[in-house]
Amino acid sequence: MYGKMKNKELLVTINDLKDISELKRLGINNFVYPLQNFCVGIPNTFLISDIKEKGFIFINRVLDNNSILELEKILKNIPANIMGIIFDDLGVLELVKNLDIIKILYLNHFNTNIESIKIYMEYVDSVVVSSDITKNELEYIINKMPNKLTVMVLGYLQAMYSRRHLISNYQNYHKVKAKNPMKIVNDNNEFLVYENEFGTVLYHLPLYNGLELLDLPCQYYLIMNTFLSVKELANILKGKSDLSTDTGFLYQETIYKLKGDSDD
Amino acid sequence: MIELLAPAGDLERLKIALLYGADAVYIGGKDYSLRANTKNFTIEEIKLACEFAHKLNKKIYVTVNIVFHDQNLIGLEDYLKKLKELNVDAVIVSDIVGVKLALQNDLEVILSTQASTLNYKAIKFWQNMGVKRFVLAREATREDIIKIKKETNASLECFIHGAMCTAVSGKCVLSNYCTKRDSNRGGCAQICRWVFKTEDNPDFTLMSKDLNMVEYLEDMINIGVQSFKIEGRMRSVYYIATVIMCYRKIIDSILNKTITENEKEYFEKVLDRVANRDTTPQFFHKFPTENESYFADRTEVSNQDFLGIVLDYDKEKGLIELEQRNYFKVGDVVEFIGPNFDPFTYTISTILDENMTSIEVARHPKMKVFLPFSGAISPYSMMRIKLFDKKDVL
């Protein structure tokens, strides 16, 4: 796996600023900083002023009016070391259209077809292609726009994002102390639930390993490092990890219509 | 104009919704709609729906709101052209390719709640493309709505009644993982209603109570919401009739400035009765807490108030032709509701079967029976268990 990484533009999210030197030793040089007050599902986030290295800021919340205005203020004074922004709210497009930074749209669960991606590419430098589609579908899309798009290749995949405080509500109702993150299970379906003040995210378990997508001609390959240590990341990249992983939907097509649904 | 917007899963529901007071109805075609498992409308049925609605000077919106995979784009533009030919009043879309194609084909576009729009900058992005109306994210607060209206003057549509997603709409693929059904292509299996085990605590549930905005409807009108949307394309005709009738009367009373707290209380009681889950206002006025969610002890009530639907009325013979929907018998005191009259009480003295033979009990679903009646009553009126007298509440 290490060999495949060479000459690839990996974007890796940062959990702790102290991890950066170790990540550099792994050959990773593009860092993504989840921006404080603008992320859900991520325990460790950063103020712009915390970011000393070159890097991207990451925003994955659906933003209300107050938040978009707060973000506008931050972006007006964006420091030169911020190379780009990865975001999941179309309101941000309006804020960044005149900024000379790399704009990557990560509209989670959307961008599952090339035509939508082509339209968004009129506004941004790259689009993260959805992880909810098969490898064949990904290949089709990426080959239509070689070296332009971004795919997620490693990390816990979001299965659900709620504005509600699901763990707090659960604690309050049952009068128990719950872990955050906490693992929940129904038969073979396991999720990791994490809440912060902006909402709750359910991540699918086990960890998604789509490193085979490094073979596809993308602009960037995104590694969401949340809940992984640098050591665990290094072991995965070196192919030495014993962490349980799966390939998400790469080889598992989802059903559009159930059998028996009428087409007449 | 203030619009009451109803759901309909088929032609019967559509007619009921419009006759009971909806200004517009949203429906899904056989493809591209987020309720893939409901009956939905063929092209011919969409044509009939438009004809029926337009005769009443009302509107039809068609949902084309899946998140498209490449293979789903085949035929999309032809379908949109067909919808234009059929004179649908707008399409409800979430994926940008659908928005662009619809606009190119001169269709009005309503941006679906699936697009999770919660700020005015996002609205401006879509306005620049040509979108004029927006279904805001269900998480929109009163302040969000006011700011969006002020900054964009967009036509705003908000959900006011029915089931809520626990997730931000469009941001959930739990079904994809748990059932392989694609929630963003109409396969939502409502995983948020499942019960999950935890490592060392009580079972974990995610389920939200349903939405009910009666209390805040007047405020919503005053802050500029134009379209008031009822959730539930898979709901029964009785549910649709009751909910639409209640909200029609509430909206009219608000607009006429005759609304009273007692009247609201009455309609709340009727709405509670027809609901199968608890309802609350959710995000509009405060942040939802555990009180807006269900936990392990939730109950869902199967409502059996709906006794039958009027198929016809023979004035000469003085007989209502009724299709049975739930058990009733001679001696029951029931209530009729309908599009053009206030609910009235009726005591069942006689039930005649299709052979005009007197029977004591109507026990078979969809059986046709006849009930003596003198007066006037129209098809699509409904017979239900007598709930409570309005005068007892008011």
# chains A, B, ... in the order shown; residues from 1 in each chain; ligands from 1
>>> residues_around(residues="segment 220-227 of chain A", least_positions_apart="2", cutoff="9 Å", atoms="only C-alpha atoms", output="ChimeraX atom specification")
/A:8-15,32,41-44,126,128,147-157,211,213-214,217-218,229-230,233
>>> write_last_selection(atoms="N, CA and C atoms", output="mmCIF file, in the first residue's frame")
data_model
loop_
_atom_site.group_PDB
_atom_site.id
_atom_site.type_symbol
_atom_site.label_atom_id
_atom_site.label_comp_id
_atom_site.auth_asym_id
_atom_site.auth_seq_id
_atom_site.Cartn_x
_atom_site.Cartn_y
_atom_site.Cartn_z
ATOM 1 N N LYS A 8 0.719 10.433 -4.859
ATOM 2 C CA LYS A 8 -0.725 10.642 -4.731
ATOM 3 C C LYS A 8 -0.957 11.789 -3.753
ATOM 4 N N GLU A 9 -1.949 12.612 -4.053
ATOM 5 C CA GLU A 9 -2.279 13.732 -3.170
ATOM 6 C C GLU A 9 -3.232 13.233 -2.089
ATOM 7 N N LEU A 10 -2.654 12.762 -1.002
ATOM 8 C CA LEU A 10 -3.482 12.320 0.120
ATOM 9 C C LEU A 10 -3.862 13.521 0.970
ATOM 10 N N LEU A 11 -5.124 13.589 1.341
ATOM 11 C CA LEU A 11 -5.579 14.609 2.298
ATOM 12 C C LEU A 11 -5.951 13.872 3.573
ATOM 13 N N VAL A 12 -5.302 14.206 4.669
ATOM 14 C CA VAL A 12 -5.511 13.457 5.903
ATOM 15 C C VAL A 12 -5.982 14.401 7.012
ATOM 16 N N THR A 13 -7.071 14.045 7.641
ATOM 17 C CA THR A 13 -7.580 14.902 8.729
ATOM 18 C C THR A 13 -6.696 14.755 9.970
ATOM 19 N N ILE A 14 -6.618 15.838 10.688
ATOM 20 C CA ILE A 14 -5.754 15.898 11.878
ATOM 21 C C ILE A 14 -6.611 15.753 13.134
ATOM 22 N N ASN A 15 -6.178 14.860 14.018
ATOM 23 C CA ASN A 15 -6.834 14.740 15.328
ATOM 24 C C ASN A 15 -6.114 15.558 16.392
ATOM 25 N N VAL A 32 -5.698 18.182 6.783
ATOM 26 C CA VAL A 32 -7.050 18.740 6.808
ATOM 27 C C VAL A 32 -7.443 18.963 8.262
ATOM 28 N N GLY A 41 -19.533 15.150 14.504
ATOM 29 C CA GLY A 41 -18.976 13.799 14.415
ATOM 30 C C GLY A 41 -17.482 13.718 14.607
ATOM 31 N N ILE A 42 -16.859 14.829 14.987
ATOM 32 C CA ILE A 42 -15.399 14.865 15.103
ATOM 33 C C ILE A 42 -15.032 15.451 16.470
ATOM 34 N N PRO A 43 -14.375 14.680 17.335
ATOM 35 C CA PRO A 43 -14.082 15.192 18.682
ATOM 36 C C PRO A 43 -13.078 16.340 18.698
ATOM 37 N N ASN A 44 -12.061 16.258 17.863
ATOM 38 C CA ASN A 44 -10.995 17.256 17.931
ATOM 39 C C ASN A 44 -11.068 18.214 16.746
ATOM 40 N N SER A 126 -12.699 20.776 -6.911
ATOM 41 C CA SER A 126 -12.876 19.320 -6.869
ATOM 42 C C SER A 126 -14.139 18.990 -6.096
ATOM 43 N N VAL A 128 -15.933 15.717 -3.893
ATOM 44 C CA VAL A 128 -15.763 14.381 -3.317
ATOM 45 C C VAL A 128 -16.904 13.505 -3.840
ATOM 46 N N ASN A 147 -8.285 13.008 -12.858
ATOM 47 C CA ASN A 147 -7.391 13.900 -12.103
ATOM 48 C C ASN A 147 -8.067 15.173 -11.598
ATOM 49 N N LYS A 148 -9.361 15.132 -11.476
ATOM 50 C CA LYS A 148 -10.096 16.311 -11.009
ATOM 51 C C LYS A 148 -10.828 16.046 -9.687
ATOM 52 N N LEU A 149 -11.255 14.820 -9.485
ATOM 53 C CA LEU A 149 -12.182 14.546 -8.393
ATOM 54 C C LEU A 149 -11.462 13.992 -7.164
ATOM 55 N N THR A 150 -12.230 13.862 -6.094
ATOM 56 C CA THR A 150 -11.685 13.387 -4.825
ATOM 57 C C THR A 150 -12.506 12.186 -4.371
ATOM 58 N N VAL A 151 -11.814 11.197 -3.810
ATOM 59 C CA VAL A 151 -12.546 10.075 -3.198
ATOM 60 C C VAL A 151 -12.047 9.870 -1.780
ATOM 61 N N MET A 152 -12.943 9.377 -0.948
ATOM 62 C CA MET A 152 -12.524 8.992 0.393
ATOM 63 C C MET A 152 -11.975 7.574 0.308
ATOM 64 N N VAL A 153 -10.792 7.372 0.865
ATOM 65 C CA VAL A 153 -10.172 6.052 0.745
ATOM 66 C C VAL A 153 -10.041 5.327 2.089
ATOM 67 N N LEU A 154 -10.194 6.046 3.172
ATOM 68 C CA LEU A 154 -10.051 5.395 4.476
ATOM 69 C C LEU A 154 -10.758 6.227 5.548
ATOM 70 N N GLY A 155 -11.414 5.526 6.468
ATOM 71 C CA GLY A 155 -12.041 6.244 7.588
ATOM 72 C C GLY A 155 -13.389 5.647 7.923
ATOM 73 N N TYR A 156 -13.964 6.141 8.993
ATOM 74 C CA TYR A 156 -15.312 5.704 9.357
ATOM 75 C C TYR A 156 -16.309 6.496 8.524
ATOM 76 N N LEU A 157 -17.211 5.783 7.859
ATOM 77 C CA LEU A 157 -18.182 6.441 6.975
ATOM 78 C C LEU A 157 -19.409 6.875 7.765
ATOM 79 N N LEU A 211 -8.665 1.798 0.184
ATOM 80 C CA LEU A 211 -7.335 2.200 -0.329
ATOM 81 C C LEU A 211 -7.093 1.685 -1.748
ATOM 82 N N LEU A 213 -8.810 2.299 -4.074
ATOM 83 C CA LEU A 213 -9.193 3.394 -4.981
ATOM 84 C C LEU A 213 -8.011 4.296 -5.318
ATOM 85 N N LEU A 214 -6.904 4.103 -4.632
ATOM 86 C CA LEU A 214 -5.698 4.869 -4.984
ATOM 87 C C LEU A 214 -5.286 4.591 -6.429
ATOM 88 N N PRO A 217 -7.666 7.555 -11.130
ATOM 89 C CA PRO A 217 -7.023 8.849 -11.387
ATOM 90 C C PRO A 217 -7.774 10.031 -10.761
ATOM 91 N N CYS A 218 -7.571 10.233 -9.466
ATOM 92 C CA CYS A 218 -8.239 11.330 -8.763
ATOM 93 C C CYS A 218 -7.272 12.480 -8.515
ATOM 94 N N SER A 229 -5.690 6.408 15.678
ATOM 95 C CA SER A 229 -4.413 6.980 16.095
ATOM 96 C C SER A 229 -3.465 6.969 14.901
ATOM 97 N N VAL A 230 -2.404 7.752 15.003
ATOM 98 C CA VAL A 230 -1.428 7.758 13.907
ATOM 99 C C VAL A 230 -0.829 6.362 13.735
ATOM 100 N N LEU A 233 -3.235 4.289 11.871
ATOM 101 C CA LEU A 233 -3.225 4.708 10.466
ATOM 102 C C LEU A 233 -1.985 4.162 9.752
#
>>> select_by_dssp(residues="segment 70-210 of chain A", states="strand (DSSP E)", output="MDAnalysis selection string")
chainID A and resid 82:87 102:105 126:127 150:155 158:162 182:186 189:196 199:205 207:209
>>> write_last_selection(atoms="C-alpha atoms", output="JSON list (two decimals), in the first residue's frame")
[["chain", "number", "residue", "atom", "x", "y", "z"],
["A", 82, "ILE", "CA", -4.90, 27.88, 4.48],
["A", 83, "MET", "CA", -4.64, 26.34, 1.03],
["A", 84, "GLY", "CA", -8.17, 25.15, 0.71],
["A", 85, "ILE", "CA", -11.55, 24.36, 2.16],
["A", 86, "ILE", "CA", -13.59, 21.18, 2.14],
["A", 87, "PHE", "CA", -17.26, 21.79, 2.90],
["A", 102, "ILE", "CA", -8.77, 25.32, -3.34],
["A", 103, "LYS", "CA", -12.47, 24.57, -2.98],
["A", 104, "ILE", "CA", -13.59, 21.00, -2.50],
["A", 105, "LEU", "CA", -17.28, 20.19, -2.20],
["A", 126, "SER", "CA", -12.88, 19.32, -6.87],
["A", 127, "VAL", "CA", -15.87, 17.33, -5.71],
["A", 150, "THR", "CA", -11.68, 13.39, -4.82],
["A", 151, "VAL", "CA", -12.55, 10.07, -3.20],
["A", 152, "MET", "CA", -12.52, 8.99, 0.39],
["A", 153, "VAL", "CA", -10.17, 6.05, 0.74],
["A", 154, "LEU", "CA", -10.05, 5.40, 4.48],
["A", 155, "GLY", "CA", -12.04, 6.24, 7.59],
["A", 158, "GLN", "CA", -21.07, 8.59, 8.14],
["A", 159, "ALA", "CA", -24.31, 6.64, 8.09],
["A", 160, "MET", "CA", -26.42, 9.38, 9.62],
["A", 161, "TYR", "CA", -26.17, 12.97, 10.80],
["A", 162, "SER", "CA", -28.81, 14.41, 13.08],
["A", 182, "MET", "CA", -20.73, 4.87, 22.12],
["A", 183, "LYS", "CA", -21.19, 1.70, 20.15],
["A", 184, "ILE", "CA", -24.71, 0.50, 19.30],
["A", 185, "VAL", "CA", -25.69, -2.81, 17.70],
["A", 186, "ASN", "CA", -28.73, -4.34, 16.03],
["A", 189, "ASN", "CA", -25.32, -3.76, 12.18],
["A", 190, "GLU", "CA", -22.90, -1.81, 14.33],
["A", 191, "PHE", "CA", -22.57, 1.93, 14.54],
["A", 192, "LEU", "CA", -20.41, 4.33, 16.48],
["A", 193, "VAL", "CA", -22.44, 7.27, 17.81],
["A", 194, "TYR", "CA", -20.73, 10.57, 18.53],
["A", 195, "GLU", "CA", -22.39, 13.78, 19.70],
["A", 196, "ASN", "CA", -21.20, 17.34, 20.02],
["A", 199, "GLY", "CA", -25.58, 17.27, 16.55],
["A", 200, "THR", "CA", -24.98, 13.57, 16.44],
["A", 201, "VAL", "CA", -23.30, 11.37, 13.86],
["A", 202, "LEU", "CA", -23.66, 7.62, 13.46],
["A", 203, "TYR", "CA", -20.63, 6.05, 11.83],
["A", 204, "HIS", "CA", -20.86, 2.64, 10.21],
["A", 205, "LEU", "CA", -18.62, 0.00, 11.73],
["A", 207, "LEU", "CA", -13.74, 1.01, 9.43],
["A", 208, "TYR", "CA", -13.99, 1.63, 5.70],
["A", 209, "ASN", "CA", -10.88, 0.67, 3.76]]
>>> interface_residues(of="chain A", to="chain B", cutoff="7 Å", atoms="only C-alpha atoms", output="JSON, numbers by chain")
{"A": [62, 63, 64, 65, 90, 91, 94, 108, 109, 110, 112, 113, 114, 115, 116, 159, 160, 161, 162, 163, 164, 166, 169, 170, 172, 173, 183, 184, 185, 186, 189, 254, 255, 256, 257, 261, 263, 264]}
>>> atom_distance(atom1="atom CA of Phe284 of chain B", atom2="atom CA of Ser168 of chain A")
19.9 Å
>>> select_by_dssp(residues="segment 81-301 of chain B", states="alpha helix (DSSP H)", output="VMD selection string")
chain B and resid 81 to 85 96 to 104 120 to 129 142 to 152 174 to 179 217 to 222 237 to 255 261 to 274
>>> atom_distance(atom1="atom CA of Lys52 of chain A", atom2="atom CA of Leu237 of chain A")
25.5 Å
